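Everything below belongs to start.cif, which stores mmCIF, C-alpha atoms.
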```cif
data_my_file
#
loop_
_atom_site.label_atom_id
_atom_site.label_comp_id
_atom_site.auth_asym_id
_atom_site.auth_seq_id
_atom_site.Cartn_x
_atom_site.Cartn_y
_atom_site.Cartn_z
CA MET A 1 -1.26 -40.13 34.13
CA LEU A 2 -2.17 -36.93 32.26
CA ARG A 3 -4.77 -36.09 34.90
CA TYR A 4 -3.15 -37.27 38.11
CA GLY A 5 0.55 -37.39 37.32
CA ILE A 6 1.15 -34.09 35.48
CA PRO A 7 0.58 -30.87 37.47
CA ASN A 8 -2.19 -28.44 36.51
CA PHE A 9 0.33 -25.66 35.92
CA ARG A 10 1.88 -27.74 33.12
CA LEU A 11 -1.30 -29.26 31.73
CA PRO A 12 -4.48 -27.31 32.64
CA ARG A 13 -7.38 -29.68 33.28
CA GLU A 14 -9.75 -27.73 31.02
CA VAL A 15 -7.37 -28.45 28.11
CA LEU A 16 -7.24 -32.15 29.01
CA ASP A 17 -11.04 -32.34 29.34
CA LYS A 18 -11.41 -30.76 25.91
CA GLU A 19 -9.03 -33.31 24.36
CA ILE A 20 -10.88 -36.22 26.00
CA LYS A 21 -14.22 -34.85 24.76
CA ILE A 22 -12.87 -34.84 21.19
CA ILE A 23 -12.02 -38.55 21.53
CA LYS A 24 -15.46 -39.34 22.95
CA ASP A 25 -17.21 -37.31 20.26
CA MET A 26 -15.40 -39.37 17.61
CA GLY A 27 -17.29 -42.38 18.92
CA VAL A 28 -14.87 -44.01 21.36
CA ASP A 29 -16.76 -45.73 24.18
CA ILE A 30 -14.89 -45.22 27.45
CA LYS A 31 -15.78 -47.58 30.29
CA LEU A 32 -14.42 -46.50 33.69
CA ASN A 33 -14.08 -48.51 36.93
CA ASN A 34 -13.83 -51.81 35.04
CA LYS A 35 -11.14 -54.20 36.25
CA ILE A 36 -9.80 -56.62 33.61
CA SER A 37 -8.00 -59.69 34.89
CA SER A 38 -6.49 -60.77 31.55
CA VAL A 39 -6.60 -60.25 27.80
CA LYS A 40 -8.30 -63.65 27.49
CA GLU A 41 -11.20 -62.20 29.45
CA LEU A 42 -11.61 -59.48 26.82
CA PHE A 43 -11.67 -62.01 23.99
CA ASN A 44 -14.26 -64.05 25.89
CA LYS A 45 -16.43 -60.92 25.99
CA GLY A 46 -16.35 -60.70 22.18
CA PHE A 47 -13.49 -58.30 21.49
CA ASN A 48 -11.37 -59.18 18.44
CA ALA A 49 -8.21 -57.25 19.28
CA ALA A 50 -6.70 -55.44 22.24
CA PHE A 51 -4.15 -52.76 22.99
CA ILE A 52 -2.51 -52.75 26.41
CA GLY A 53 -1.53 -49.29 27.61
CA ILE A 54 -1.73 -49.67 31.38
CA GLY A 55 1.45 -47.72 32.12
CA ALA A 56 4.01 -48.40 34.83
CA GLN A 57 2.11 -47.64 38.00
CA LYS A 58 4.31 -49.35 40.59
CA GLU A 59 6.91 -47.02 42.09
CA GLN A 60 10.49 -48.02 42.78
CA ILE A 61 11.64 -47.83 46.39
CA LEU A 62 14.96 -46.80 47.92
CA ASN A 63 15.24 -50.01 50.01
CA LEU A 64 16.59 -48.03 52.94
CA GLU A 65 16.23 -48.29 56.69
CA GLY A 66 13.38 -46.01 57.80
CA GLU A 67 11.71 -45.77 54.39
CA ASN A 68 8.41 -47.10 55.79
CA ASN A 69 7.88 -43.93 57.83
CA PRO A 70 4.60 -42.28 56.69
CA ARG A 71 6.50 -39.02 56.20
CA VAL A 72 8.41 -40.71 53.36
CA ILE A 73 6.12 -40.28 50.35
CA LYS A 74 6.12 -41.86 46.91
CA ALA A 75 6.02 -39.21 44.20
CA LEU A 76 3.17 -40.56 42.04
CA GLY A 77 0.99 -41.13 45.09
CA PHE A 78 1.78 -37.59 46.24
CA LEU A 79 0.88 -36.08 42.86
CA LYS A 80 -2.32 -38.13 42.64
CA GLU A 81 -3.35 -36.97 46.10
CA ILE A 82 -2.76 -33.34 45.18
CA TYR A 83 -4.37 -33.32 41.75
CA GLY A 84 -7.24 -35.64 42.69
CA ASN A 85 -8.16 -33.57 45.74
CA GLU A 86 -10.08 -30.33 45.40
CA ASN A 87 -9.48 -29.40 49.05
CA LEU A 88 -5.75 -28.74 49.31
CA ASP A 89 -6.12 -27.60 52.94
CA LYS A 90 -6.46 -31.25 53.95
CA ILE A 91 -3.05 -32.12 52.53
CA LYS A 92 -0.32 -31.80 55.12
CA LEU A 93 3.29 -31.30 54.10
CA GLY A 94 6.13 -30.11 56.29
CA LYS A 95 8.23 -27.02 55.73
CA ARG A 96 11.46 -28.82 54.77
CA VAL A 97 11.06 -31.31 51.92
CA ALA A 98 13.68 -33.44 50.17
CA VAL A 99 12.95 -34.92 46.74
CA ILE A 100 15.04 -37.90 45.65
CA GLY A 101 15.32 -38.44 41.90
CA GLY A 102 16.18 -36.80 38.59
CA GLY A 103 13.28 -37.43 36.20
CA ASN A 104 10.26 -35.36 35.22
CA THR A 105 8.22 -36.89 38.06
CA ALA A 106 10.82 -35.69 40.57
CA ILE A 107 10.70 -32.18 39.10
CA ASP A 108 6.88 -32.18 39.12
CA ALA A 109 6.83 -33.32 42.75
CA ALA A 110 9.37 -30.66 43.74
CA ARG A 111 7.47 -27.83 42.03
CA THR A 112 4.19 -29.04 43.54
CA ALA A 113 5.65 -29.15 47.06
CA LEU A 114 6.98 -25.64 46.51
CA ARG A 115 3.45 -24.43 45.74
CA LEU A 116 2.26 -25.97 49.01
CA GLY A 117 4.65 -23.67 50.87
CA ALA A 118 7.60 -26.01 51.42
CA GLU A 119 11.30 -25.31 51.08
CA VAL A 120 12.37 -27.94 48.56
CA THR A 121 15.76 -29.50 47.87
CA LEU A 122 16.16 -32.09 45.10
CA PHE A 123 18.95 -34.66 45.45
CA TYR A 124 20.30 -36.53 42.42
CA ARG A 125 23.10 -39.08 42.44
CA ARG A 126 24.60 -37.95 39.13
CA THR A 127 25.18 -34.47 37.69
CA GLU A 128 22.64 -32.21 36.00
CA ALA A 129 23.94 -33.32 32.59
CA GLU A 130 22.69 -36.88 33.25
CA MET A 131 19.24 -35.92 34.56
CA PRO A 132 16.50 -37.50 32.43
CA ALA A 133 14.13 -34.61 33.20
CA PHE A 134 13.48 -32.05 30.45
CA SER A 135 15.99 -29.19 30.64
CA GLU A 136 13.25 -26.53 30.40
CA GLU A 137 11.51 -28.05 33.44
CA ILE A 138 14.78 -28.09 35.39
CA ASN A 139 15.48 -24.45 34.54
CA GLN A 140 11.93 -23.39 35.41
CA SER A 141 12.07 -25.15 38.79
CA LYS A 142 15.36 -23.40 39.58
CA LYS A 143 13.77 -20.02 38.85
CA GLU A 144 10.86 -20.91 41.13
CA GLY A 145 13.18 -21.69 44.03
CA VAL A 146 13.85 -25.45 44.03
CA LYS A 147 17.39 -26.11 45.28
CA PHE A 148 19.50 -28.82 43.60
CA GLU A 149 22.18 -31.02 45.14
CA PHE A 150 24.05 -33.26 42.70
CA LEU A 151 26.30 -36.30 43.25
CA GLN A 152 24.57 -37.11 46.54
CA THR A 153 22.31 -40.00 47.50
CA PRO A 154 20.56 -41.10 50.73
CA ILE A 155 21.75 -44.25 52.51
CA SER A 156 19.52 -44.25 55.63
CA ILE A 157 16.50 -42.50 57.13
CA LYS A 158 16.10 -42.21 60.89
CA THR A 159 12.98 -41.02 62.66
CA GLU A 160 13.46 -38.14 65.07
CA LYS A 161 10.76 -36.66 67.28
CA ASN A 162 9.85 -33.84 64.90
CA SER A 163 11.81 -34.66 61.77
CA LEU A 164 13.54 -37.23 59.61
CA LYS A 165 17.33 -37.42 59.81
CA VAL A 166 18.61 -38.45 56.41
CA GLU A 167 22.15 -39.71 56.01
CA PHE A 168 23.67 -39.00 52.58
CA VAL A 169 26.88 -40.05 50.88
CA LYS A 170 28.65 -38.07 48.17
CA MET A 171 29.22 -39.71 44.81
CA LYS A 172 31.70 -39.62 41.94
CA LEU A 173 31.11 -40.74 38.37
CA GLY A 174 32.74 -43.86 36.96
CA ALA A 175 32.49 -45.78 33.69
CA LYS A 176 29.23 -45.82 31.73
CA ASP A 177 26.61 -48.37 32.76
CA GLU A 178 23.99 -50.13 30.59
CA SER A 179 21.92 -46.92 30.45
CA GLY A 180 24.80 -45.18 28.69
CA ARG A 181 25.35 -42.80 31.60
CA PRO A 182 28.35 -42.76 33.95
CA ARG A 183 27.84 -44.99 36.96
CA PRO A 184 27.68 -43.15 40.33
CA ILE A 185 30.17 -44.50 42.88
CA PRO A 186 30.03 -43.69 46.63
CA ILE A 187 33.00 -41.77 48.06
CA ASP A 188 34.32 -43.37 51.25
CA GLY A 189 34.11 -41.15 54.33
CA SER A 190 31.91 -38.51 52.68
CA ASN A 191 28.78 -39.22 54.73
CA PHE A 192 26.75 -36.35 56.16
CA SER A 193 23.25 -35.90 57.63
CA LEU A 194 20.40 -33.41 57.10
CA ASP A 195 16.98 -32.98 58.73
CA PHE A 196 13.72 -32.84 56.76
CA ASP A 197 10.03 -32.94 57.54
CA ASN A 198 9.15 -35.03 54.49
CA ILE A 199 10.94 -37.01 51.80
CA ILE A 200 9.42 -37.55 48.36
CA VAL A 201 10.87 -40.53 46.50
CA ALA A 202 10.85 -40.32 42.68
CA ILE A 203 13.43 -42.82 41.45
CA GLY A 204 11.41 -44.53 38.74
CA GLN A 205 8.49 -46.86 38.09
CA LYS A 206 7.91 -50.45 37.02
CA ILE A 207 4.93 -52.49 35.91
CA GLU A 208 2.56 -54.57 37.96
CA PRO A 209 2.50 -58.28 36.97
CA ILE A 210 0.22 -58.94 33.98
CA ASN A 211 -1.57 -62.27 33.71
CA GLY A 212 -0.41 -64.36 30.78
CA ILE A 213 2.31 -61.94 29.60
CA LYS A 214 5.95 -62.98 29.47
CA ILE A 215 8.41 -60.65 31.21
CA ASP A 216 12.13 -60.20 30.45
CA THR A 217 14.93 -60.21 33.03
CA LYS A 218 14.51 -56.45 33.58
CA GLY A 219 10.81 -56.79 34.37
CA TRP A 220 9.33 -55.51 31.09
CA PRO A 221 6.99 -57.35 28.66
CA ILE A 222 8.51 -59.29 25.76
CA PHE A 223 6.98 -58.05 22.49
CA ASN A 224 7.75 -57.34 18.84
CA LYS A 225 9.23 -53.84 18.81
CA THR A 226 8.66 -53.42 15.09
CA ASN A 227 4.86 -53.71 15.15
CA LEU A 228 4.18 -53.60 18.93
CA ASN A 229 2.63 -57.08 18.74
CA LEU A 230 2.52 -59.07 21.98
CA GLU A 231 0.61 -62.09 20.74
CA GLU A 232 -2.05 -62.71 18.12
CA GLY A 233 -4.53 -59.83 18.22
CA VAL A 234 -2.80 -58.17 21.19
CA TYR A 235 -0.66 -55.03 20.96
CA ILE A 236 1.12 -53.04 23.63
CA GLY A 237 2.73 -49.63 24.12
CA GLY A 238 3.41 -46.65 26.36
CA ASP A 239 5.06 -46.77 29.76
CA VAL A 240 4.20 -50.45 30.10
CA VAL A 241 7.02 -51.32 27.67
CA GLY A 242 9.51 -48.84 29.16
CA LEU A 243 9.18 -45.33 30.50
CA SER A 244 8.43 -42.83 27.74
CA SER A 245 7.09 -39.33 27.21
CA VAL A 246 3.43 -38.59 26.60
CA VAL A 247 4.15 -37.86 22.94
CA GLU A 248 6.03 -41.14 22.51
CA SER A 249 3.18 -43.05 24.14
CA ILE A 250 0.59 -41.43 21.87
CA ALA A 251 2.75 -42.25 18.85
CA MET A 252 2.84 -45.91 19.90
CA GLY A 253 -0.95 -45.84 20.25
CA ARG A 254 -1.34 -44.64 16.69
CA LYS A 255 1.15 -47.19 15.39
CA ALA A 256 -0.70 -49.98 17.20
CA ALA A 257 -4.06 -48.73 15.83
CA THR A 258 -2.66 -49.04 12.32
CA GLN A 259 -1.49 -52.61 13.03
CA ILE A 260 -4.90 -53.53 14.51
CA HIS A 261 -6.63 -52.09 11.41
CA VAL A 262 -4.57 -54.39 9.19
CA TYR A 263 -5.02 -57.38 11.54
CA LEU A 264 -8.81 -57.00 11.43
CA GLY A 265 -8.89 -57.07 7.64
CA GLY A 266 -7.77 -53.67 6.45
CA LYS A 267 -5.98 -53.88 3.10
CA GLU A 268 -3.35 -51.30 3.87
CA GLU A 269 -2.14 -49.01 6.61
CA ILE A 270 -4.29 -46.09 7.68
CA LYS A 271 -3.51 -43.06 5.57
CA ILE A 272 -4.30 -39.43 6.24
CA ASP A 273 -4.85 -37.15 3.25
CA LYS A 274 -2.42 -34.25 3.30
CA GLN A 275 -2.67 -31.13 1.22
CA LYS A 276 0.44 -30.33 -0.74
CA PRO A 277 2.10 -27.36 0.96
CA LYS A 278 2.30 -24.00 -0.71
CA PRO A 279 5.52 -23.45 -2.74
CA LEU A 280 6.91 -20.94 -0.25
CA ILE A 281 5.54 -18.31 2.07
CA SER A 282 5.72 -14.96 0.37
CA ASP A 283 7.52 -13.12 3.13
CA GLN A 284 10.85 -14.83 3.70
CA GLU A 285 11.55 -12.59 6.68
CA VAL A 286 8.74 -14.45 8.48
CA PHE A 287 10.34 -17.74 7.47
CA LEU A 288 13.72 -16.68 8.86
CA GLN A 289 12.60 -14.77 11.95
CA LYS A 290 13.47 -15.80 15.47
CA LYS A 291 11.23 -18.05 17.51
CA ILE A 292 8.49 -16.27 19.43
CA VAL A 293 8.99 -16.70 23.17
CA ILE A 294 5.91 -18.13 24.87
CA PRO A 295 4.71 -15.60 27.50
CA THR A 296 4.44 -16.74 31.11
CA ILE A 297 2.73 -15.35 34.19
CA ASP A 298 4.81 -13.43 36.70
CA LEU A 299 7.25 -15.68 38.61
CA ASN A 300 6.26 -14.20 41.98
CA LYS A 301 2.63 -15.06 41.29
CA HIS A 302 2.79 -18.52 39.78
CA ILE A 303 4.50 -20.23 42.74
CA LEU A 304 1.55 -19.15 44.92
CA ASN A 305 -1.02 -21.26 43.04
CA PHE A 306 -1.49 -24.12 40.59
CA ASP A 307 -2.55 -21.99 37.63
CA LYS A 308 -0.94 -22.68 34.28
CA ILE A 309 2.41 -20.93 33.82
CA GLU A 310 2.60 -20.62 30.03
CA LEU A 311 0.09 -18.27 28.43
CA SER A 312 -1.36 -18.48 24.94
CA LEU A 313 -0.13 -16.47 21.95
CA ASP A 314 -2.49 -13.96 20.39
CA LYS A 315 -3.86 -14.88 16.96
CA ASN A 316 -1.36 -12.83 14.92
CA LYS A 317 1.67 -14.20 16.76
CA ALA A 318 0.34 -17.75 16.54
CA VAL A 319 -0.13 -17.49 12.77
CA CYS A 320 3.32 -15.92 12.41
CA GLU A 321 4.93 -18.69 14.49
CA ALA A 322 3.14 -21.37 12.51
CA ALA A 323 4.46 -19.86 9.28
CA ARG A 324 7.97 -19.86 10.76
CA CYS A 325 8.32 -23.36 12.15
CA LEU A 326 5.57 -25.62 10.81
CA GLN A 327 6.69 -25.51 7.18
CA CYS A 328 9.99 -27.32 7.48
CA ASP A 329 8.85 -29.73 4.75
CA LEU A 330 8.87 -26.85 2.28
CA CYS A 331 12.61 -27.42 1.98
CA LEU A 332 11.77 -30.53 -0.05
CA TYR A 333 10.06 -28.36 -2.67
CA LEU A 334 12.82 -25.78 -3.10
CA SER A 335 15.53 -26.09 -5.72
CA GLU A 336 17.90 -23.85 -3.80
CA ILE A 337 17.75 -21.89 -0.57
CA SER A 338 20.04 -18.92 -0.12
CA LYS A 339 19.97 -17.09 3.15
CA PRO A 340 22.28 -14.07 3.02
CA PRO A 341 24.69 -13.20 4.40
CA VAL A 342 26.57 -15.92 2.50
CA ASP A 343 29.82 -15.83 0.56
CA MET A 344 27.89 -15.39 -2.67
CA ALA A 345 24.18 -15.67 -3.49
CA LEU A 346 22.09 -15.61 -6.66
CA PHE A 347 20.98 -12.07 -7.47
CA THR A 348 17.23 -12.73 -7.30
CA GLN A 349 14.20 -10.94 -5.88
CA ASP A 350 13.73 -13.53 -3.12
CA ASN A 351 17.35 -13.32 -1.96
CA VAL A 352 17.44 -9.53 -2.02
CA ASN A 353 14.18 -9.39 -0.03
CA VAL A 354 15.88 -10.89 3.03
CA VAL A 355 18.77 -8.42 3.03
CA PRO A 356 18.41 -6.01 5.99
CA GLU A 357 17.51 -2.39 5.44
CA LYS A 358 20.70 -1.27 7.16
CA GLY A 359 24.02 0.22 6.27
CA GLY A 360 26.78 -1.85 4.74
CA VAL A 361 28.67 -2.75 1.58
CA TYR A 362 27.48 -4.97 -1.27
CA THR A 363 29.53 -6.62 -4.02
CA LEU A 364 28.03 -7.53 -7.40
CA PHE A 365 29.29 -10.28 -9.76
CA ASP A 366 28.67 -11.28 -13.37
CA GLU A 367 27.86 -14.81 -14.56
CA LYS A 368 31.58 -15.73 -14.46
CA LYS A 369 31.75 -14.44 -10.88
CA ASN A 370 33.91 -11.46 -11.82
CA ILE A 371 33.36 -8.43 -9.58
CA ILE A 372 31.30 -5.74 -11.31
CA GLU A 373 30.83 -3.30 -8.45
CA ILE A 374 31.69 -2.70 -4.80
CA LYS A 375 29.40 -0.14 -3.21
CA GLY A 376 28.62 1.22 0.25
CA SER A 377 25.01 2.00 1.12
CA SER A 378 22.95 3.35 3.99
CA ASN A 379 20.15 0.95 2.99
CA LEU A 380 21.43 -2.30 1.52
CA ARG A 381 18.09 -3.76 0.49
CA LYS A 382 16.82 -0.56 -1.15
CA ASN A 383 19.94 -0.13 -3.29
CA LEU A 384 20.08 -3.78 -4.28
CA LEU A 385 16.43 -3.69 -5.35
CA GLU A 386 17.21 -0.68 -7.52
CA LYS A 387 20.10 -2.57 -9.08
CA LEU A 388 17.82 -5.54 -9.65
CA GLU A 389 15.47 -3.39 -11.73
CA SER A 390 18.14 -1.51 -13.70
CA SER A 391 20.69 -4.20 -14.60
CA ASN A 392 20.48 -7.61 -16.24
CA ASN A 393 24.15 -8.57 -16.25
CA ILE A 394 24.39 -9.07 -12.47
CA LYS A 395 24.14 -12.78 -11.57
CA PHE A 396 25.49 -13.00 -8.02
CA PHE A 397 25.96 -10.74 -4.99
CA LYS A 398 27.17 -10.68 -1.43
CA TYR A 399 27.00 -8.10 1.33
CA GLU A 400 28.17 -7.28 4.82
CA GLN A 401 26.61 -4.97 7.36
CA ASP A 402 28.75 -2.09 8.59
CA PRO A 403 27.52 1.26 9.96
CA MET A 404 30.83 2.80 8.68
CA TYR A 405 29.98 1.67 5.17
CA SER A 406 31.91 4.44 3.34
CA LYS A 407 35.12 3.51 5.13
CA ARG A 408 34.51 -0.19 4.51
CA GLU A 409 33.78 0.47 0.80
CA SER A 410 37.09 2.28 0.46
CA GLU A 411 38.96 -0.60 2.14
CA LEU A 412 37.42 -3.20 -0.18
CA LEU A 413 38.09 -1.12 -3.28
CA GLN A 414 41.73 -0.63 -2.34
CA GLN A 415 42.05 -4.40 -1.82
CA PHE A 416 40.55 -4.97 -5.29
CA ILE A 417 42.90 -2.43 -6.95
CA LYS A 418 45.91 -3.94 -5.23
CA GLN A 419 44.94 -7.39 -6.51
CA HIS A 420 43.77 -6.46 -10.06
CA GLY A 421 45.49 -3.16 -10.80
CA GLU A 422 42.25 -1.44 -11.78
CA MET A 423 38.79 -0.49 -10.53
CA PRO A 424 35.81 -2.89 -10.84
CA SER A 425 34.45 -2.82 -14.39
CA GLY A 426 30.94 -1.70 -13.59
CA GLY A 427 31.50 0.77 -10.76
CA ASP A 428 30.37 4.40 -10.82
CA ASP A 429 30.82 7.55 -8.77
CA LEU A 430 34.11 6.28 -7.39
CA ASP A 431 36.25 9.39 -7.77
CA ASP A 432 34.85 10.96 -4.59
CA LEU A 433 36.43 8.19 -2.53
CA PHE A 434 40.01 9.22 -3.40
#
```
Rendering of file as structure tokens:
Amino acid sequence: MLRYGIPNFRLPREVLDKEIKIIKDMGVDIKLNNKISSVKELFNKGFNAAFIGIGAQKEQILNLEGENNPRVIKALGFLKEIYGNENLDKIKLGKRVAVIGGGNTAIDAARTALRLGAEVTLFYRRTEAEMPAFSEEINQSKKEGVKFEFLQTPISIKTEKNSLKVEFVKMKLGAKDESGRPRPIPIDGSNFSLDFDNIIVAIGQKIEPINGIKIDTKGWPIFNKTNLNLEEGVYIGGDVVGLSSVVESIAMGRKAATQIHVYLGGKEEIKIDKQKPKPLISDQEVFLQKKIVIPTIDLNKHILNFDKIELSLDKNKAVCEAARCLQCDLCLYLSEISKPPVDMALFTQDNVNVVPEKGGVYTLFDEKKNIIEIKGSSNLRKNLLEKLESSNNIKFFKYEQDPMYSKRESELLQQFIKQHGEMPSGGDDLDDLF
């Protein structure tokens, strides 16, 4: 599925080939073009355990009049034809293409058809909020030029001389169904027709029958969801137990490998040695900085080919991003995290280091949280660092940014005097404000 079901512009083949090579270099023996009729056959050949990860390769159909027309294409077959064929000139697709569906496969098919020069409209029977496709893929396809029509579904397909006439009906949303999403209900008298050259159907997949495996009423294998066990020595995971993402499928593979290890005599689960993380990265501004946006190639260029859209970060940005977001577990090693601006923070070097070097007003407190000083500054961090070096009776502080810091200082001081009848105990150089 990674090779033939996911477009090159999302997963470059050189990256996939590199990943597969790593697996082979670890010692995994990969046998291609071998048909297995049953798990029993594997055990007869001397294998002691098996993992079934055959996916859900059978595509759902619309069950509509006219669906057997060769210009009505199944999405996975379409993607496999494109990404398994080096000569794209042999692939014929009309100018007007309708895609039916709302999952990632539908989005991939739509974006692929767009790159073949088609005008693409995607029809989904619910609203965008209910689409199972990833939101970033939906947004990217919109930018590329895919048109979306929601709350519409086809009810018949008629063959014209040079096109397909598709009859649609508009939908409204009712009560939630077993999927947890609102059920689409046809609206009487809302039928309308549109002409297309091709229709790509992407409404889901199901599994092919598996010899010797019990299936539930919904058509999926019956297995132990806790340990992925199907029967003695046999484990299962991935799309074959219900449609999932690539990451979820890989996670199931690892979980099953652990179970197989124990089944074959391992004394405990597989463990990976992890180095204890550093106490805290030294520069907290890196820790708190915004996410680095992944660069992409120019929109006008990437819809003309199948090259990857997202570019790589340079080394410095990659290291910086890793320091920002891959150390979430450091929170477990910290006694307290203060990220000014807050109502009041401990007056420490680490907390002062994340204060911006901009104008504003800071307030200092003693250990009983009495105000010692209210002061405006053109450089908050610089002045607070100076205070940190010169005073040992300051225990807490807070600040607020304000380019009109002198005016704001005066306002805060007047509020303090009105409340307490005197100036803060530790203030200095205040006479020039009045």
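With atom CA of A:Ser390 on one side and atom CA of A:Gly421 on the other, the separation reads 27.6 Å.
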So which residues touch A:Ile30 within 10 Å, counting all atoms listed in the file, skipping near sequence neighbours fewer than 4 positions away, as a PDB file with C-alpha atoms, in the coordinates of the input?
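Result went into out07.pdb, see below:
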```pdb
ATOM      1  CA  ILE A  20     -10.880 -36.220  26.000  1.00  0.00           C
ATOM      2  CA  ILE A  23     -12.020 -38.550  21.530  1.00  0.00           C
ATOM      3  CA  LYS A  24     -15.460 -39.340  22.950  1.00  0.00           C
TER       4      LYS A  24
END
```
Counting all atoms listed in the file, which residues of stretch 220-277 of chain A sit at most 9 Å from some atom of stretch 186-206 of chain A, and what is each one's closest atom pair with its distance in Å to one decimal, listed by chain and rising residue number, as a tab-separated table?
```
residue	atom	partner	partner_atom	distance
A:Trp220	CA	A:Lys206	CA	7.9
A:Asp239	CA	A:Lys206	CA	8.6
A:Val240	CA	A:Lys206	CA	7.9
A:Gly242	CA	A:Lys206	CA	8.2
A:Leu243	CA	A:Gln205	CA	7.8
```
Would you mind exporting C-alpha atoms of the selected residues as a PDB file, in the coordinates of the input?
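Generated output (result_38.pdb):
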```pdb
ATOM      1  CA  TRP A 220       9.330 -55.510  31.090  1.00  0.00           C
ATOM      2  CA  ASP A 239       5.060 -46.770  29.760  1.00  0.00           C
ATOM      3  CA  VAL A 240       4.200 -50.450  30.100  1.00  0.00           C
ATOM      4  CA  GLY A 242       9.510 -48.840  29.160  1.00  0.00           C
ATOM      5  CA  LEU A 243       9.180 -45.330  30.500  1.00  0.00           C
TER       6      LEU A 243
END
```
With stretch 126-132 of chain A as the partner and 9 Å as the cut-off, tabulate the residues of stretch 57-112 of chain A that qualify, each row holding the nearest pair of atoms and their distance in Å to one decimal, using only C-alpha atoms, sorted by chain and rising number, as a Markdown table.
```
| residue | atom | partner | partner_atom | distance |
| --- | --- | --- | --- | --- |
| A:Gly101 | CA | A:Met131 | CA | 8.7 |
| A:Gly102 | CA | A:Met131 | CA | 5.1 |
| A:Gly103 | CA | A:Pro132 | CA | 5.0 |
| A:Asn104 | CA | A:Pro132 | CA | 7.2 |
```
Take the residues just selected and output them with C-alpha atoms as a PDB file, in the frame of the given file.
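Saved the output as out-v6.pdb:
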```
ATOM      1  CA  GLY A 101      15.320 -38.440  41.900  1.00  0.00           C
ATOM      2  CA  GLY A 102      16.180 -36.800  38.590  1.00  0.00           C
ATOM      3  CA  GLY A 103      13.280 -37.430  36.200  1.00  0.00           C
ATOM      4  CA  ASN A 104      10.260 -35.360  35.220  1.00  0.00           C
TER       5      ASN A 104
END
```
Specify as a list in words each residue included when the PyMOL selection byres ((chain A and resi 219) around 12) is applied to this file.
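After applying the PyMOL selection byres ((chain A and resi 219) around 12), what remains is Ala56, Lys58, Gln205, Lys206, Ile207, Glu208, Pro209, Ile210, Ile213, Lys214, Ile215, Asp216, Thr217, Lys218, Trp220, Pro221, Ile222, Val240, Val241 and Gly242 of chain A.
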Could you please take those selected residues and save C-alpha atoms as an mmCIF file, keeping the file's coordinate frame?
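That gives us again27.cif:
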```cif
data_model
loop_
_atom_site.group_PDB
_atom_site.id
_atom_site.type_symbol
_atom_site.label_atom_id
_atom_site.label_comp_id
_atom_site.auth_asym_id
_atom_site.auth_seq_id
_atom_site.Cartn_x
_atom_site.Cartn_y
_atom_site.Cartn_z
ATOM 1 C CA ALA A 56 4.010 -48.400 34.830
ATOM 2 C CA LYS A 58 4.310 -49.350 40.590
ATOM 3 C CA GLN A 205 8.490 -46.860 38.090
ATOM 4 C CA LYS A 206 7.910 -50.450 37.020
ATOM 5 C CA ILE A 207 4.930 -52.490 35.910
ATOM 6 C CA GLU A 208 2.560 -54.570 37.960
ATOM 7 C CA PRO A 209 2.500 -58.280 36.970
ATOM 8 C CA ILE A 210 0.220 -58.940 33.980
ATOM 9 C CA ILE A 213 2.310 -61.940 29.600
ATOM 10 C CA LYS A 214 5.950 -62.980 29.470
ATOM 11 C CA ILE A 215 8.410 -60.650 31.210
ATOM 12 C CA ASP A 216 12.130 -60.200 30.450
ATOM 13 C CA THR A 217 14.930 -60.210 33.030
ATOM 14 C CA LYS A 218 14.510 -56.450 33.580
ATOM 15 C CA TRP A 220 9.330 -55.510 31.090
ATOM 16 C CA PRO A 221 6.990 -57.350 28.660
ATOM 17 C CA ILE A 222 8.510 -59.290 25.760
ATOM 18 C CA VAL A 240 4.200 -50.450 30.100
ATOM 19 C CA VAL A 241 7.020 -51.320 27.670
ATOM 20 C CA GLY A 242 9.510 -48.840 29.160
#
```
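The two atoms in question, atom CA of A:Lys375 and atom CA of A:Glu409, are spaced 6.0 Å apart.
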Pick from A:Lys358, A:Lys40, A:Lys225, A:Lys418 nearest to A:Met252, counting all atoms listed in the file:
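Closest candidate: A:Lys225.
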Show me a table, sorted first by chain and then by increasing residue number, of the residues of stretch 111-163 of chain A having an atom at most 6 Å from stretch 63-87 of chain A, each with its shortest atom pair and the distance in Å to one decimal, counting all atoms listed in the file and written as JSON lines.
```
{"residue": "A:Ser156", "atom": "CA", "partner": "A:Glu65", "partner_atom": "CA", "distance": 5.3}
{"residue": "A:Ile157", "atom": "CA", "partner": "A:Gly66", "partner_atom": "CA", "distance": 4.7}
{"residue": "A:Lys158", "atom": "CA", "partner": "A:Gly66", "partner_atom": "CA", "distance": 5.6}
```
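The coordinates place atom CA of A:Ile303 at 14.0 Å from atom CA of A:Glu137.
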Could you spell out the hits of the PyMOL selection byres ((chain A and resi 368) around 12) on the shown file, as a PDB file with C-alpha atoms, in the frame of the given file?
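Resulting contents of part-v7.pdb:
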```
ATOM      1  CA  LEU A 364      28.030  -7.530  -7.400  1.00  0.00           C
ATOM      2  CA  PHE A 365      29.290 -10.280  -9.760  1.00  0.00           C
ATOM      3  CA  ASP A 366      28.670 -11.280 -13.370  1.00  0.00           C
ATOM      4  CA  GLU A 367      27.860 -14.810 -14.560  1.00  0.00           C
ATOM      5  CA  LYS A 369      31.750 -14.440 -10.880  1.00  0.00           C
ATOM      6  CA  ASN A 370      33.910 -11.460 -11.820  1.00  0.00           C
ATOM      7  CA  ILE A 371      33.360  -8.430  -9.580  1.00  0.00           C
ATOM      8  CA  ILE A 372      31.300  -5.740 -11.310  1.00  0.00           C
ATOM      9  CA  ASN A 393      24.150  -8.570 -16.250  1.00  0.00           C
ATOM     10  CA  ILE A 394      24.390  -9.070 -12.470  1.00  0.00           C
ATOM     11  CA  LYS A 395      24.140 -12.780 -11.570  1.00  0.00           C
ATOM     12  CA  PHE A 396      25.490 -13.000  -8.020  1.00  0.00           C
TER      13      PHE A 396
END
```
